[in-house]
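Engineer: Structure file target-v3.txt (compact mmCIF, C-alpha atoms (C1' of nucleotides)) is given on the next line.
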# COMPACT_ATOMS: atom_id res chain seq x y z
CA MET B 1 -81.38 -28.47 -45.33
CA SER B 2 -80.84 -25.04 -46.84
CA ASP B 3 -78.06 -24.03 -49.21
CA LEU B 4 -76.49 -21.98 -46.47
CA SER B 5 -76.32 -24.86 -44.03
CA ALA B 6 -74.88 -27.05 -46.79
CA ALA B 7 -72.12 -24.48 -47.21
CA LEU B 8 -71.56 -24.25 -43.47
CA ASP B 9 -71.28 -28.03 -43.22
CA VAL B 10 -68.18 -27.72 -45.40
CA VAL B 11 -66.59 -24.41 -44.39
CA GLY B 12 -68.42 -23.56 -41.17
CA ALA B 13 -65.94 -25.21 -38.83
CA ARG B 14 -63.51 -23.02 -36.97
CA TRP B 15 -60.45 -22.01 -39.03
CA ALA B 16 -61.82 -23.43 -42.29
CA LEU B 17 -62.55 -20.12 -44.01
CA LEU B 18 -59.33 -18.60 -42.72
CA ILE B 19 -57.38 -21.45 -44.28
CA VAL B 20 -59.19 -21.02 -47.58
CA GLU B 21 -58.61 -17.26 -47.49
CA ARG B 22 -54.90 -17.84 -47.06
CA LEU B 23 -54.88 -20.21 -50.03
CA LEU B 24 -56.53 -17.61 -52.24
CA ASP B 25 -53.06 -16.07 -52.49
CA GLY B 26 -51.71 -19.27 -54.00
CA PRO B 27 -50.57 -22.68 -52.77
CA GLN B 28 -49.08 -22.79 -49.29
CA ARG B 29 -47.19 -25.33 -47.27
CA TYR B 30 -48.39 -26.75 -43.98
CA GLY B 31 -45.87 -24.88 -41.87
CA ASP B 32 -46.66 -21.59 -43.61
CA LEU B 33 -50.36 -21.92 -42.86
CA GLN B 34 -49.59 -22.84 -39.30
CA ARG B 35 -47.32 -19.85 -38.71
CA ASP B 36 -49.39 -17.32 -40.63
CA LEU B 37 -52.69 -18.23 -39.03
CA GLY B 38 -51.60 -19.37 -35.60
CA VAL B 39 -53.88 -22.38 -35.88
CA PRO B 40 -53.17 -25.38 -33.60
CA THR B 41 -51.39 -28.04 -35.60
CA ASN B 42 -53.81 -30.88 -34.93
CA ILE B 43 -56.74 -28.68 -35.97
CA LEU B 44 -54.92 -27.65 -39.13
CA ALA B 45 -54.28 -31.28 -40.05
CA THR B 46 -57.94 -32.13 -39.44
CA ARG B 47 -59.25 -29.19 -41.49
CA LEU B 48 -56.95 -29.87 -44.39
CA ARG B 49 -58.15 -33.47 -44.47
CA GLU B 50 -61.80 -32.38 -44.34
CA LEU B 51 -61.39 -29.67 -46.95
CA GLU B 52 -59.55 -32.05 -49.24
CA ALA B 53 -62.30 -34.64 -48.81
CA ALA B 54 -64.88 -31.96 -49.64
CA GLY B 55 -63.04 -31.08 -52.83
CA VAL B 56 -62.13 -27.57 -51.71
CA LEU B 57 -58.39 -28.09 -51.91
CA ARG B 58 -55.83 -30.68 -52.97
CA ARG B 59 -52.32 -31.70 -51.93
CA LEU B 60 -49.55 -31.01 -54.38
CA PRO B 61 -46.42 -33.11 -53.83
CA LEU B 62 -43.39 -30.83 -53.84
CA MET B 63 -39.75 -31.85 -53.53
CA HIS B 64 -38.58 -34.50 -51.00
CA ASN B 65 -40.87 -34.52 -47.96
CA THR B 66 -42.67 -31.21 -48.54
CA ARG B 67 -46.02 -30.65 -50.20
CA ALA B 68 -48.30 -27.70 -50.81
CA TYR B 69 -52.01 -27.16 -50.44
CA ALA B 70 -53.83 -25.52 -53.35
CA LEU B 71 -57.47 -24.61 -53.88
CA THR B 72 -59.51 -26.48 -56.46
CA ASP B 73 -62.02 -24.64 -58.65
CA ARG B 74 -64.59 -25.30 -56.01
CA GLY B 75 -62.31 -23.73 -53.42
CA LEU B 76 -61.59 -20.72 -55.59
CA ALA B 77 -65.34 -20.21 -55.93
CA LEU B 78 -65.39 -19.25 -52.26
CA ARG B 79 -63.58 -16.01 -53.04
CA GLU B 80 -66.76 -13.92 -53.36
CA ALA B 81 -68.18 -15.16 -50.08
CA ILE B 82 -64.90 -14.58 -48.28
CA VAL B 83 -64.48 -11.10 -49.71
CA ALA B 84 -68.05 -10.23 -48.73
CA LEU B 85 -67.52 -11.45 -45.16
CA ALA B 86 -64.18 -9.69 -44.87
CA ARG B 87 -65.69 -6.43 -46.06
CA TRP B 88 -68.41 -6.81 -43.46
CA GLY B 89 -65.85 -7.47 -40.77
CA GLU B 90 -63.84 -4.45 -41.76
CA GLN B 91 -66.69 -2.04 -41.03
CA GLU B 92 -66.45 -1.18 -37.38
CA GLY B 93 -69.13 -2.70 -35.25
CA MET P 1 -56.32 -9.96 -36.76
CA SER P 2 -57.68 -9.89 -40.27
CA ASP P 3 -61.02 -8.52 -41.40
CA LEU P 4 -62.23 -12.03 -42.01
CA SER P 5 -61.41 -13.23 -38.53
CA ALA P 6 -63.07 -10.12 -37.10
CA ALA P 7 -66.21 -11.11 -38.99
CA LEU P 8 -65.96 -14.71 -37.83
CA ASP P 9 -65.59 -13.59 -34.22
CA VAL P 10 -69.11 -12.18 -34.54
CA VAL P 11 -70.91 -14.57 -36.86
CA GLY P 12 -68.59 -17.56 -36.97
CA ALA P 13 -70.20 -19.47 -34.12
CA ARG P 14 -72.47 -22.36 -34.96
CA TRP P 15 -76.03 -21.30 -35.88
CA ALA P 16 -75.18 -17.60 -35.98
CA LEU P 17 -75.37 -17.13 -39.75
CA LEU P 18 -78.44 -19.35 -39.99
CA ILE P 19 -80.20 -17.17 -37.45
CA VAL P 20 -79.25 -14.03 -39.36
CA GLU P 21 -80.39 -15.58 -42.64
CA ARG P 22 -83.77 -16.34 -41.13
CA LEU P 23 -84.08 -12.73 -39.95
CA LEU P 24 -83.38 -11.42 -43.45
CA ASP P 25 -87.03 -12.30 -44.15
CA GLY P 26 -88.13 -9.92 -41.41
CA PRO P 27 -88.43 -9.94 -37.62
CA GLN P 28 -89.07 -13.30 -36.03
CA ARG P 29 -90.04 -14.48 -32.59
CA TYR P 30 -87.94 -16.80 -30.46
CA GLY P 31 -90.20 -19.80 -30.89
CA ASP P 32 -90.35 -19.32 -34.66
CA LEU P 33 -86.58 -19.33 -34.95
CA GLN P 34 -86.39 -22.37 -32.75
CA ARG P 35 -88.91 -24.35 -34.76
CA ASP P 36 -87.75 -23.23 -38.21
CA LEU P 37 -84.06 -23.86 -37.61
CA GLY P 38 -84.19 -26.75 -35.16
CA VAL P 39 -81.58 -25.02 -33.02
CA PRO P 40 -81.29 -26.09 -29.35
CA THR P 41 -83.01 -23.54 -27.16
CA ASN P 42 -80.05 -22.75 -24.92
CA ILE P 43 -77.84 -22.18 -27.95
CA LEU P 44 -80.46 -19.94 -29.50
CA ALA P 45 -80.69 -17.84 -26.34
CA THR P 46 -76.90 -17.56 -26.21
CA ARG P 47 -76.54 -16.59 -29.87
CA LEU P 48 -79.30 -14.00 -29.70
CA ARG P 49 -77.58 -12.41 -26.70
CA GLU P 50 -74.23 -12.38 -28.48
CA LEU P 51 -75.63 -11.07 -31.74
CA GLU P 52 -77.54 -8.36 -29.91
CA ALA P 53 -74.38 -7.37 -28.02
CA ALA P 54 -72.52 -7.22 -31.34
CA GLY P 55 -75.15 -4.89 -32.79
CA VAL P 56 -76.33 -7.36 -35.43
CA LEU P 57 -79.89 -7.56 -34.15
CA ARG P 58 -82.17 -6.00 -31.57
CA ARG P 59 -85.14 -7.09 -29.49
CA LEU P 60 -88.46 -5.51 -30.33
CA PRO P 61 -91.02 -5.70 -27.53
CA LEU P 62 -94.28 -6.98 -28.94
CA MET P 63 -97.56 -7.40 -27.08
CA HIS P 64 -97.72 -8.89 -23.55
CA ASN P 65 -94.83 -11.34 -23.01
CA THR P 66 -93.76 -11.79 -26.61
CA ARG P 67 -90.97 -10.01 -28.44
CA ALA P 68 -89.40 -10.20 -31.87
CA TYR P 69 -85.82 -10.19 -33.09
CA ALA P 70 -84.98 -7.87 -35.97
CA LEU P 71 -81.74 -7.17 -37.81
CA THR P 72 -80.07 -3.81 -37.41
CA ASP P 73 -78.44 -2.10 -40.40
CA ARG P 74 -75.26 -3.91 -39.49
CA GLY P 75 -77.13 -7.19 -39.52
CA LEU P 76 -78.78 -6.44 -42.85
CA ALA P 77 -75.34 -5.74 -44.28
CA LEU P 78 -74.62 -9.45 -43.94
CA ARG P 79 -77.05 -10.21 -46.78
CA GLU P 80 -74.40 -10.19 -49.50
CA ALA P 81 -72.08 -12.52 -47.61
CA ILE P 82 -74.93 -14.89 -46.80
CA VAL P 83 -76.19 -14.93 -50.38
CA ALA P 84 -72.67 -15.61 -51.65
CA LEU P 85 -72.19 -18.49 -49.23
CA ALA P 86 -75.60 -19.95 -49.99
CA ARG P 87 -74.92 -19.82 -53.71
CA TRP P 88 -71.68 -21.63 -53.13
CA GLY P 89 -73.45 -24.26 -51.05
CA GLU P 90 -76.06 -24.77 -53.71
CA GLN P 91 -73.50 -25.90 -56.29
CA GLU P 92 -73.05 -29.60 -55.78
CA GLY P 93 -69.73 -30.59 -54.21
C1' DA R 1 -21.75 -42.04 -41.81
C1' DC R 2 -23.64 -39.49 -38.10
C1' DG R 3 -25.89 -35.84 -35.85
C1' DC R 4 -28.88 -31.99 -36.35
C1' DA R 5 -32.45 -29.16 -38.21
C1' DG R 6 -36.75 -28.58 -40.77
C1' DC R 7 -41.00 -30.39 -42.45
C1' DA R 8 -45.43 -32.60 -41.83
C1' DC R 9 -47.79 -34.37 -39.07
C1' DT R 10 -49.75 -37.69 -34.54
C1' DT R 11 -50.91 -38.65 -29.84
C1' DG R 12 -52.29 -37.74 -25.22
C1' DT R 13 -54.72 -34.53 -22.01
C1' DT R 14 -57.35 -30.41 -20.63
C1' DT R 15 -60.61 -26.87 -21.62
C1' DT R 16 -64.40 -24.96 -24.17
C1' DT R 17 -68.45 -25.41 -26.87
C1' DT R 18 -72.46 -27.75 -28.15
C1' DG R 19 -76.46 -30.53 -27.49
C1' DC R 20 -80.16 -32.78 -24.82
C1' DA R 21 -83.66 -32.84 -21.29
C1' DA R 22 -86.15 -30.87 -18.00
C1' DG R 23 -87.75 -26.98 -15.40
C1' DT R 24 -89.08 -21.74 -14.39
C1' DG R 25 -91.64 -17.43 -14.55
C1' DT R 26 -95.01 -14.60 -16.90
C1' DT R 27 -99.21 -13.63 -19.41
C1' DC R 28 -103.52 -14.58 -21.61
C1' DG R 29 -107.86 -16.71 -22.92
C1' DC R 30 -111.43 -19.32 -21.12
C1' DG X 1 -107.89 -19.89 -11.26
C1' DC X 2 -106.29 -23.28 -14.79
C1' DG X 3 -104.13 -24.82 -18.73
C1' DA X 4 -101.46 -23.49 -22.55
C1' DA X 5 -98.13 -20.64 -25.01
C1' DC X 6 -94.09 -17.88 -24.90
C1' DA X 7 -89.33 -16.96 -23.70
C1' DC X 8 -86.20 -18.45 -21.69
C1' DT X 9 -82.71 -21.05 -17.64
C1' DT X 10 -80.34 -24.88 -15.47
C1' DG X 11 -77.90 -29.25 -15.09
C1' DC X 12 -75.49 -32.69 -17.25
C1' DA X 13 -73.35 -35.55 -21.16
C1' DA X 14 -71.03 -35.58 -25.56
C1' DA X 15 -68.28 -33.53 -29.01
C1' DA X 16 -64.96 -30.27 -30.65
C1' DA X 17 -61.03 -27.34 -29.98
C1' DA X 18 -56.74 -25.95 -27.73
C1' DC X 19 -52.32 -27.11 -25.49
C1' DA X 20 -48.14 -29.78 -25.16
C1' DA X 21 -45.16 -33.08 -26.44
C1' DG X 22 -43.48 -36.57 -29.48
C1' DT X 23 -42.78 -39.25 -34.18
C1' DG X 24 -40.95 -40.40 -38.71
C1' DC X 25 -38.81 -38.74 -42.78
C1' DT X 26 -35.28 -36.21 -45.67
C1' DG X 27 -31.44 -33.66 -46.66
C1' DC X 28 -27.36 -31.03 -45.47
C1' DG X 29 -22.94 -30.19 -43.28
C1' DT X 30 -18.72 -32.24 -41.29
Could you render the structure from this file as structure tokens?

Structural biologist:
Amino acid sequence: MSDLSAALDVVGARWALLIVERLLDGPQRYGDLQRDLGVPTNILATRLRELEAAGVLRRLPLMHNTRAYALTDRGLALREAIVALARWGEQEG
Amino acid sequence: MSDLSAALDVVGARWALLIVERLLDGPQRYGDLQRDLGVPTNILATRLRELEAAGVLRRLPLMHNTRAYALTDRGLALREAIVALARWGEQEG
DNA sequence: ACGCAGCACTTGTTTTTTGCAAGTGTTCGC
DNA sequence: GCGAACACTTGCAAAAAACAAGTGCTGCGT
């Protein structure tokens, strides 16, 4: 299995990179991600679980029953790949 | 819709980036892609059609009933993003 | 102290995508 | 003119994603 397919096994699922991109701006709460991205709530819950298990992000307990999702170092390391893809997408095709 | 999601609309489907990565080494025939990547043949046919429609690659007629798939300039421009993702995947998680 | 609103999800159900297996048409070398 | 290779297509099952509705907390206002 190539390095690329190893990466795609972690962040290749639908919405995964968009979630990580959103977290590059700093920790976000569940409801913020949901509203900003328009991702279905069950998919969001699944992705956050997978990305946490993969060590890309972690839950931060906030006050009372709220928490935030923040990128780990491994998650932050995706910045270059995300920027490169976004720049590619920005060129009209 | 963000630049990133525009990019993912084109190359976010399963196998798409792996196909493009393989073509970064030069034009390849259908059967080569199939054998090298292990991608199901109907998915390969679908992706090649989509990527051609998106201007990422083009069909080159070869001799008799064979043809090759080659990246366009737009397809080649994905190299940086693919390299960045592959480097990320290569770091152990 | 009771109802209501917000947060972070879960639980069905339907639709879409993917994967597997087998088959089709064309061309070429023998 | 026959078998094999190439480039696909077709039909069907399994998996993933999307849609809709509901659940369990907490905290605030009255």

Engineer: At what distance in Å, to one decimal, does C1' of DC20 in chain R lie from CA of Arg14 in chain P?

Structural biologist: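 Computed distance, CA of Arg14 in chain P to C1' of DC20 in chain R, equals 16.4 Å.
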
Engineer: I'd like the superposed copy of chain B - fitted to chain P by least squares over all paired Cα atoms - as a PDB file with C-alpha atoms, keeping the file's coordinate frame.

Structural biologist:
ATOM      1  CA  MET B   1     -56.234  -9.962 -36.803  1.00  0.00           C
ATOM      2  CA  SER B   2     -57.625  -9.932 -40.325  1.00  0.00           C
ATOM      3  CA  ASP B   3     -60.984  -8.554 -41.413  1.00  0.00           C
ATOM      4  CA  LEU B   4     -62.208 -12.062 -42.021  1.00  0.00           C
ATOM      5  CA  SER B   5     -61.381 -13.255 -38.532  1.00  0.00           C
ATOM      6  CA  ALA B   6     -63.036 -10.130 -37.124  1.00  0.00           C
ATOM      7  CA  ALA B   7     -66.187 -11.114 -38.994  1.00  0.00           C
ATOM      8  CA  LEU B   8     -65.934 -14.711 -37.830  1.00  0.00           C
ATOM      9  CA  ASP B   9     -65.556 -13.580 -34.223  1.00  0.00           C
ATOM     10  CA  VAL B  10     -69.072 -12.164 -34.535  1.00  0.00           C
ATOM     11  CA  VAL B  11     -70.896 -14.557 -36.869  1.00  0.00           C
ATOM     12  CA  GLY B  12     -68.554 -17.548 -36.986  1.00  0.00           C
ATOM     13  CA  ALA B  13     -70.165 -19.453 -34.135  1.00  0.00           C
ATOM     14  CA  ARG B  14     -72.434 -22.336 -34.971  1.00  0.00           C
ATOM     15  CA  TRP B  15     -75.994 -21.284 -35.893  1.00  0.00           C
ATOM     16  CA  ALA B  16     -75.175 -17.564 -35.990  1.00  0.00           C
ATOM     17  CA  LEU B  17     -75.372 -17.106 -39.758  1.00  0.00           C
ATOM     18  CA  LEU B  18     -78.423 -19.337 -39.992  1.00  0.00           C
ATOM     19  CA  ILE B  19     -80.200 -17.144 -37.464  1.00  0.00           C
ATOM     20  CA  VAL B  20     -79.256 -14.007 -39.367  1.00  0.00           C
ATOM     21  CA  GLU B  21     -80.382 -15.572 -42.648  1.00  0.00           C
ATOM     22  CA  ARG B  22     -83.767 -16.310 -41.136  1.00  0.00           C
ATOM     23  CA  LEU B  23     -84.074 -12.712 -39.953  1.00  0.00           C
ATOM     24  CA  LEU B  24     -83.382 -11.403 -43.443  1.00  0.00           C
ATOM     25  CA  ASP B  25     -87.018 -12.268 -44.153  1.00  0.00           C
ATOM     26  CA  GLY B  26     -88.152  -9.900 -41.423  1.00  0.00           C
ATOM     27  CA  PRO B  27     -88.443  -9.934 -37.634  1.00  0.00           C
ATOM     28  CA  GLN B  28     -89.089 -13.306 -36.037  1.00  0.00           C
ATOM     29  CA  ARG B  29     -90.063 -14.499 -32.611  1.00  0.00           C
ATOM     30  CA  TYR B  30     -87.957 -16.806 -30.485  1.00  0.00           C
ATOM     31  CA  GLY B  31     -90.207 -19.813 -30.924  1.00  0.00           C
ATOM     32  CA  ASP B  32     -90.347 -19.320 -34.694  1.00  0.00           C
ATOM     33  CA  LEU B  33     -86.568 -19.328 -34.977  1.00  0.00           C
ATOM     34  CA  GLN B  34     -86.377 -22.364 -32.773  1.00  0.00           C
ATOM     35  CA  ARG B  35     -88.899 -24.356 -34.801  1.00  0.00           C
ATOM     36  CA  ASP B  36     -87.727 -23.224 -38.224  1.00  0.00           C
ATOM     37  CA  LEU B  37     -84.054 -23.856 -37.602  1.00  0.00           C
ATOM     38  CA  GLY B  38     -84.165 -26.740 -35.168  1.00  0.00           C
ATOM     39  CA  VAL B  39     -81.562 -25.023 -33.021  1.00  0.00           C
ATOM     40  CA  PRO B  40     -81.270 -26.105 -29.354  1.00  0.00           C
ATOM     41  CA  THR B  41     -83.011 -23.554 -27.185  1.00  0.00           C
ATOM     42  CA  ASN B  42     -80.089 -22.749 -24.908  1.00  0.00           C
ATOM     43  CA  ILE B  43     -77.843 -22.171 -27.930  1.00  0.00           C
ATOM     44  CA  LEU B  44     -80.456 -19.932 -29.516  1.00  0.00           C
ATOM     45  CA  ALA B  45     -80.708 -17.839 -26.356  1.00  0.00           C
ATOM     46  CA  THR B  46     -76.917 -17.531 -26.200  1.00  0.00           C
ATOM     47  CA  ARG B  47     -76.570 -16.546 -29.871  1.00  0.00           C
ATOM     48  CA  LEU B  48     -79.320 -13.983 -29.697  1.00  0.00           C
ATOM     49  CA  ARG B  49     -77.620 -12.393 -26.699  1.00  0.00           C
ATOM     50  CA  GLU B  50     -74.248 -12.367 -28.477  1.00  0.00           C
ATOM     51  CA  LEU B  51     -75.645 -11.043 -31.736  1.00  0.00           C
ATOM     52  CA  GLU B  52     -77.551  -8.338 -29.906  1.00  0.00           C
ATOM     53  CA  ALA B  53     -74.404  -7.357 -28.012  1.00  0.00           C
ATOM     54  CA  ALA B  54     -72.524  -7.202 -31.324  1.00  0.00           C
ATOM     55  CA  GLY B  55     -75.139  -4.883 -32.779  1.00  0.00           C
ATOM     56  CA  VAL B  56     -76.316  -7.349 -35.413  1.00  0.00           C
ATOM     57  CA  LEU B  57     -79.879  -7.536 -34.160  1.00  0.00           C
ATOM     58  CA  ARG B  58     -82.173  -5.989 -31.565  1.00  0.00           C
ATOM     59  CA  ARG B  59     -85.161  -7.092 -29.493  1.00  0.00           C
ATOM     60  CA  LEU B  60     -88.478  -5.521 -30.317  1.00  0.00           C
ATOM     61  CA  PRO B  61     -91.040  -5.717 -27.505  1.00  0.00           C
ATOM     62  CA  LEU B  62     -94.316  -7.010 -28.912  1.00  0.00           C
ATOM     63  CA  MET B  63     -97.591  -7.464 -27.054  1.00  0.00           C
ATOM     64  CA  HIS B  64     -97.742  -8.975 -23.520  1.00  0.00           C
ATOM     65  CA  ASN B  65     -94.861 -11.408 -23.004  1.00  0.00           C
ATOM     66  CA  THR B  66     -93.775 -11.834 -26.633  1.00  0.00           C
ATOM     67  CA  ARG B  67     -91.006 -10.016 -28.456  1.00  0.00           C
ATOM     68  CA  ALA B  68     -89.408 -10.208 -31.874  1.00  0.00           C
ATOM     69  CA  TYR B  69     -85.840 -10.189 -33.081  1.00  0.00           C
ATOM     70  CA  ALA B  70     -84.989  -7.857 -35.964  1.00  0.00           C
ATOM     71  CA  LEU B  71     -81.746  -7.161 -37.795  1.00  0.00           C
ATOM     72  CA  THR B  72     -80.061  -3.796 -37.404  1.00  0.00           C
ATOM     73  CA  ASP B  73     -78.418  -2.094 -40.385  1.00  0.00           C
ATOM     74  CA  ARG B  74     -75.257  -3.881 -39.480  1.00  0.00           C
ATOM     75  CA  GLY B  75     -77.123  -7.180 -39.539  1.00  0.00           C
ATOM     76  CA  LEU B  76     -78.768  -6.417 -42.855  1.00  0.00           C
ATOM     77  CA  ALA B  77     -75.313  -5.730 -44.282  1.00  0.00           C
ATOM     78  CA  LEU B  78     -74.602  -9.442 -43.947  1.00  0.00           C
ATOM     79  CA  ARG B  79     -77.024 -10.202 -46.765  1.00  0.00           C
ATOM     80  CA  GLU B  80     -74.361 -10.205 -49.502  1.00  0.00           C
ATOM     81  CA  ALA B  81     -72.074 -12.537 -47.593  1.00  0.00           C
ATOM     82  CA  ILE B  82     -74.923 -14.895 -46.783  1.00  0.00           C
ATOM     83  CA  VAL B  83     -76.188 -14.940 -50.351  1.00  0.00           C
ATOM     84  CA  ALA B  84     -72.671 -15.623 -51.626  1.00  0.00           C
ATOM     85  CA  LEU B  85     -72.199 -18.521 -49.198  1.00  0.00           C
ATOM     86  CA  ALA B  86     -75.625 -19.943 -49.959  1.00  0.00           C
ATOM     87  CA  ARG B  87     -74.946 -19.835 -53.681  1.00  0.00           C
ATOM     88  CA  TRP B  88     -71.692 -21.667 -53.079  1.00  0.00           C
ATOM     89  CA  GLY B  89     -73.457 -24.272 -51.000  1.00  0.00           C
ATOM     90  CA  GLU B  90     -76.083 -24.789 -53.641  1.00  0.00           C
ATOM     91  CA  GLN B  91     -73.555 -25.923 -56.246  1.00  0.00           C
ATOM     92  CA  GLU B  92     -73.112 -29.622 -55.762  1.00  0.00           C
ATOM     93  CA  GLY B  93     -69.823 -30.606 -54.264  1.00  0.00           C
TER      94      GLY B  93
END

Engineer: Write out as a Markdown table the residues of chain B that have any atom within 10 Å of an atom of chain X, one row each with the nearest atom pair and its distance in Å to one decimal, counting all atoms listed in the file, sorted by chain and then rising number.

Structural biologist:
| residue | atom | partner | partner_atom | distance |
| --- | --- | --- | --- | --- |
| B:Ala13 | CA | X:DA16 | C1' | 9.7 |
| B:Arg14 | CA | X:DA17 | C1' | 8.6 |
| B:Val39 | CA | X:DA18 | C1' | 9.3 |
| B:Pro40 | CA | X:DA18 | C1' | 6.9 |
| B:Thr41 | CA | X:DA18 | C1' | 9.7 |
| B:Asn42 | CA | X:DA18 | C1' | 9.2 |
| B:Ile43 | CA | X:DA17 | C1' | 7.5 |
| B:His64 | CA | X:DT26 | C1' | 6.5 |
| B:Asn65 | CA | X:DT26 | C1' | 6.3 |
| B:Thr66 | CA | X:DT26 | C1' | 9.4 |

Engineer: Would you compute, for all listed atoms of range 23-35 of chain P, the axis-aligned bounding box grown by 4 Å on each side, and then report its centre and edge lengths in Å rounded to one decimal, as JSON?

Structural biologist:
{"center_x": -86.9, "center_y": -17.1, "center_z": -37.3, "size_x": 15.0, "size_y": 22.4, "size_z": 21.7}

Engineer: Name the residues in contact with Arg74 in chain P at a cut-off of 9 Å, using all atoms listed in the file, excluding same-chain residues fewer than 6 positions from it; report them as a VMD selection string.

Structural biologist: (chain B and resid 88 91 93) or (chain P and resid 55 to 57)

Engineer: Do you have, as JSON lines, the list of residues of chain R lying at most 12 Å from chain P, each with its nearest atom pair and that distance in Å to one decimal, counting all atoms listed in the file and ordered by chain then number?

Structural biologist:
{"residue": "R:DT17", "atom": "C1'", "partner": "P:Ala13", "partner_atom": "CA", "distance": 9.5}
{"residue": "R:DT18", "atom": "C1'", "partner": "P:Ile43", "partner_atom": "CA", "distance": 7.7}
{"residue": "R:DG19", "atom": "C1'", "partner": "P:Pro40", "partner_atom": "CA", "distance": 6.8}
{"residue": "R:DC20", "atom": "C1'", "partner": "P:Pro40", "partner_atom": "CA", "distance": 8.2}
{"residue": "R:DA21", "atom": "C1'", "partner": "P:Pro40", "partner_atom": "CA", "distance": 10.8}
{"residue": "R:DG25", "atom": "C1'", "partner": "P:Asn65", "partner_atom": "CA", "distance": 10.9}
{"residue": "R:DT26", "atom": "C1'", "partner": "P:Asn65", "partner_atom": "CA", "distance": 6.9}
{"residue": "R:DT27", "atom": "C1'", "partner": "P:Asn65", "partner_atom": "CA", "distance": 6.1}
{"residue": "R:DC28", "atom": "C1'", "partner": "P:His64", "partner_atom": "CA", "distance": 8.4}

Engineer: Once you count all atoms listed in the file, which residues of chain P turn out to be within 9 Å of chain B? Could you give them as a PDB file with C-alpha atoms, in the frame of the given file?

Structural biologist:
ATOM      1  CA  SER P   2     -57.680  -9.890 -40.270  1.00  0.00           C
ATOM      2  CA  ASP P   3     -61.020  -8.520 -41.400  1.00  0.00           C
ATOM      3  CA  LEU P   4     -62.230 -12.030 -42.010  1.00  0.00           C
ATOM      4  CA  SER P   5     -61.410 -13.230 -38.530  1.00  0.00           C
ATOM      5  CA  ALA P   6     -63.070 -10.120 -37.100  1.00  0.00           C
ATOM      6  CA  ALA P   7     -66.210 -11.110 -38.990  1.00  0.00           C
ATOM      7  CA  LEU P   8     -65.960 -14.710 -37.830  1.00  0.00           C
ATOM      8  CA  ASP P   9     -65.590 -13.590 -34.220  1.00  0.00           C
ATOM      9  CA  VAL P  10     -69.110 -12.180 -34.540  1.00  0.00           C
ATOM     10  CA  GLY P  12     -68.590 -17.560 -36.970  1.00  0.00           C
ATOM     11  CA  ALA P  13     -70.200 -19.470 -34.120  1.00  0.00           C
ATOM     12  CA  ARG P  14     -72.470 -22.360 -34.960  1.00  0.00           C
ATOM     13  CA  TRP P  15     -76.030 -21.300 -35.880  1.00  0.00           C
ATOM     14  CA  LEU P  17     -75.370 -17.130 -39.750  1.00  0.00           C
ATOM     15  CA  LEU P  18     -78.440 -19.350 -39.990  1.00  0.00           C
ATOM     16  CA  GLU P  21     -80.390 -15.580 -42.640  1.00  0.00           C
ATOM     17  CA  ALA P  54     -72.520  -7.220 -31.340  1.00  0.00           C
ATOM     18  CA  GLY P  55     -75.150  -4.890 -32.790  1.00  0.00           C
ATOM     19  CA  VAL P  56     -76.330  -7.360 -35.430  1.00  0.00           C
ATOM     20  CA  ARG P  74     -75.260  -3.910 -39.490  1.00  0.00           C
ATOM     21  CA  ALA P  77     -75.340  -5.740 -44.280  1.00  0.00           C
ATOM     22  CA  LEU P  78     -74.620  -9.450 -43.940  1.00  0.00           C
ATOM     23  CA  GLU P  80     -74.400 -10.190 -49.500  1.00  0.00           C
ATOM     24  CA  ALA P  81     -72.080 -12.520 -47.610  1.00  0.00           C
ATOM     25  CA  ILE P  82     -74.930 -14.890 -46.800  1.00  0.00           C
ATOM     26  CA  VAL P  83     -76.190 -14.930 -50.380  1.00  0.00           C
ATOM     27  CA  ALA P  84     -72.670 -15.610 -51.650  1.00  0.00           C
ATOM     28  CA  LEU P  85     -72.190 -18.490 -49.230  1.00  0.00           C
ATOM     29  CA  ALA P  86     -75.600 -19.950 -49.990  1.00  0.00           C
ATOM     30  CA  ARG P  87     -74.920 -19.820 -53.710  1.00  0.00           C
ATOM     31  CA  TRP P  88     -71.680 -21.630 -53.130  1.00  0.00           C
ATOM     32  CA  GLY P  89     -73.450 -24.260 -51.050  1.00  0.00           C
ATOM     33  CA  GLU P  90     -76.060 -24.770 -53.710  1.00  0.00           C
ATOM     34  CA  GLN P  91     -73.500 -25.900 -56.290  1.00  0.00           C
ATOM     35  CA  GLY P  93     -69.730 -30.590 -54.210  1.00  0.00           C
TER      36      GLY P  93
END

Engineer: Please supply range 76-81 of chain P, rebuilt with N, CA and C atoms, as a PDB file, in the coordinates of the input.

Structural biologist:
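The new file rebuild.pdb reads:
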ATOM      1  N   LEU P  76     -78.318  -6.383 -41.459  1.00  0.00           N
ATOM      2  CA  LEU P  76     -78.780  -6.440 -42.850  1.00  0.00           C
ATOM      3  C   LEU P  76     -77.605  -6.435 -43.831  1.00  0.00           C
ATOM      4  N   ALA P  77     -76.517  -5.808 -43.417  1.00  0.00           N
ATOM      5  CA  ALA P  77     -75.340  -5.740 -44.280  1.00  0.00           C
ATOM      6  C   ALA P  77     -74.709  -7.110 -44.500  1.00  0.00           C
ATOM      7  N   LEU P  78     -75.139  -8.098 -43.749  1.00  0.00           N
ATOM      8  CA  LEU P  78     -74.620  -9.450 -43.940  1.00  0.00           C
ATOM      9  C   LEU P  78     -75.261 -10.153 -45.139  1.00  0.00           C
ATOM     10  N   ARG P  79     -76.305  -9.539 -45.692  1.00  0.00           N
ATOM     11  CA  ARG P  79     -77.050 -10.210 -46.780  1.00  0.00           C
ATOM     12  C   ARG P  79     -76.138 -10.682 -47.902  1.00  0.00           C
ATOM     13  N   GLU P  80     -75.258  -9.811 -48.376  1.00  0.00           N
ATOM     14  CA  GLU P  80     -74.400 -10.190 -49.500  1.00  0.00           C
ATOM     15  C   GLU P  80     -73.535 -11.407 -49.181  1.00  0.00           C
ATOM     16  N   ALA P  81     -72.946 -11.395 -47.990  1.00  0.00           N
ATOM     17  CA  ALA P  81     -72.080 -12.520 -47.610  1.00  0.00           C
ATOM     18  C   ALA P  81     -72.896 -13.808 -47.515  1.00  0.00           C
TER      19      ALA P  81
END
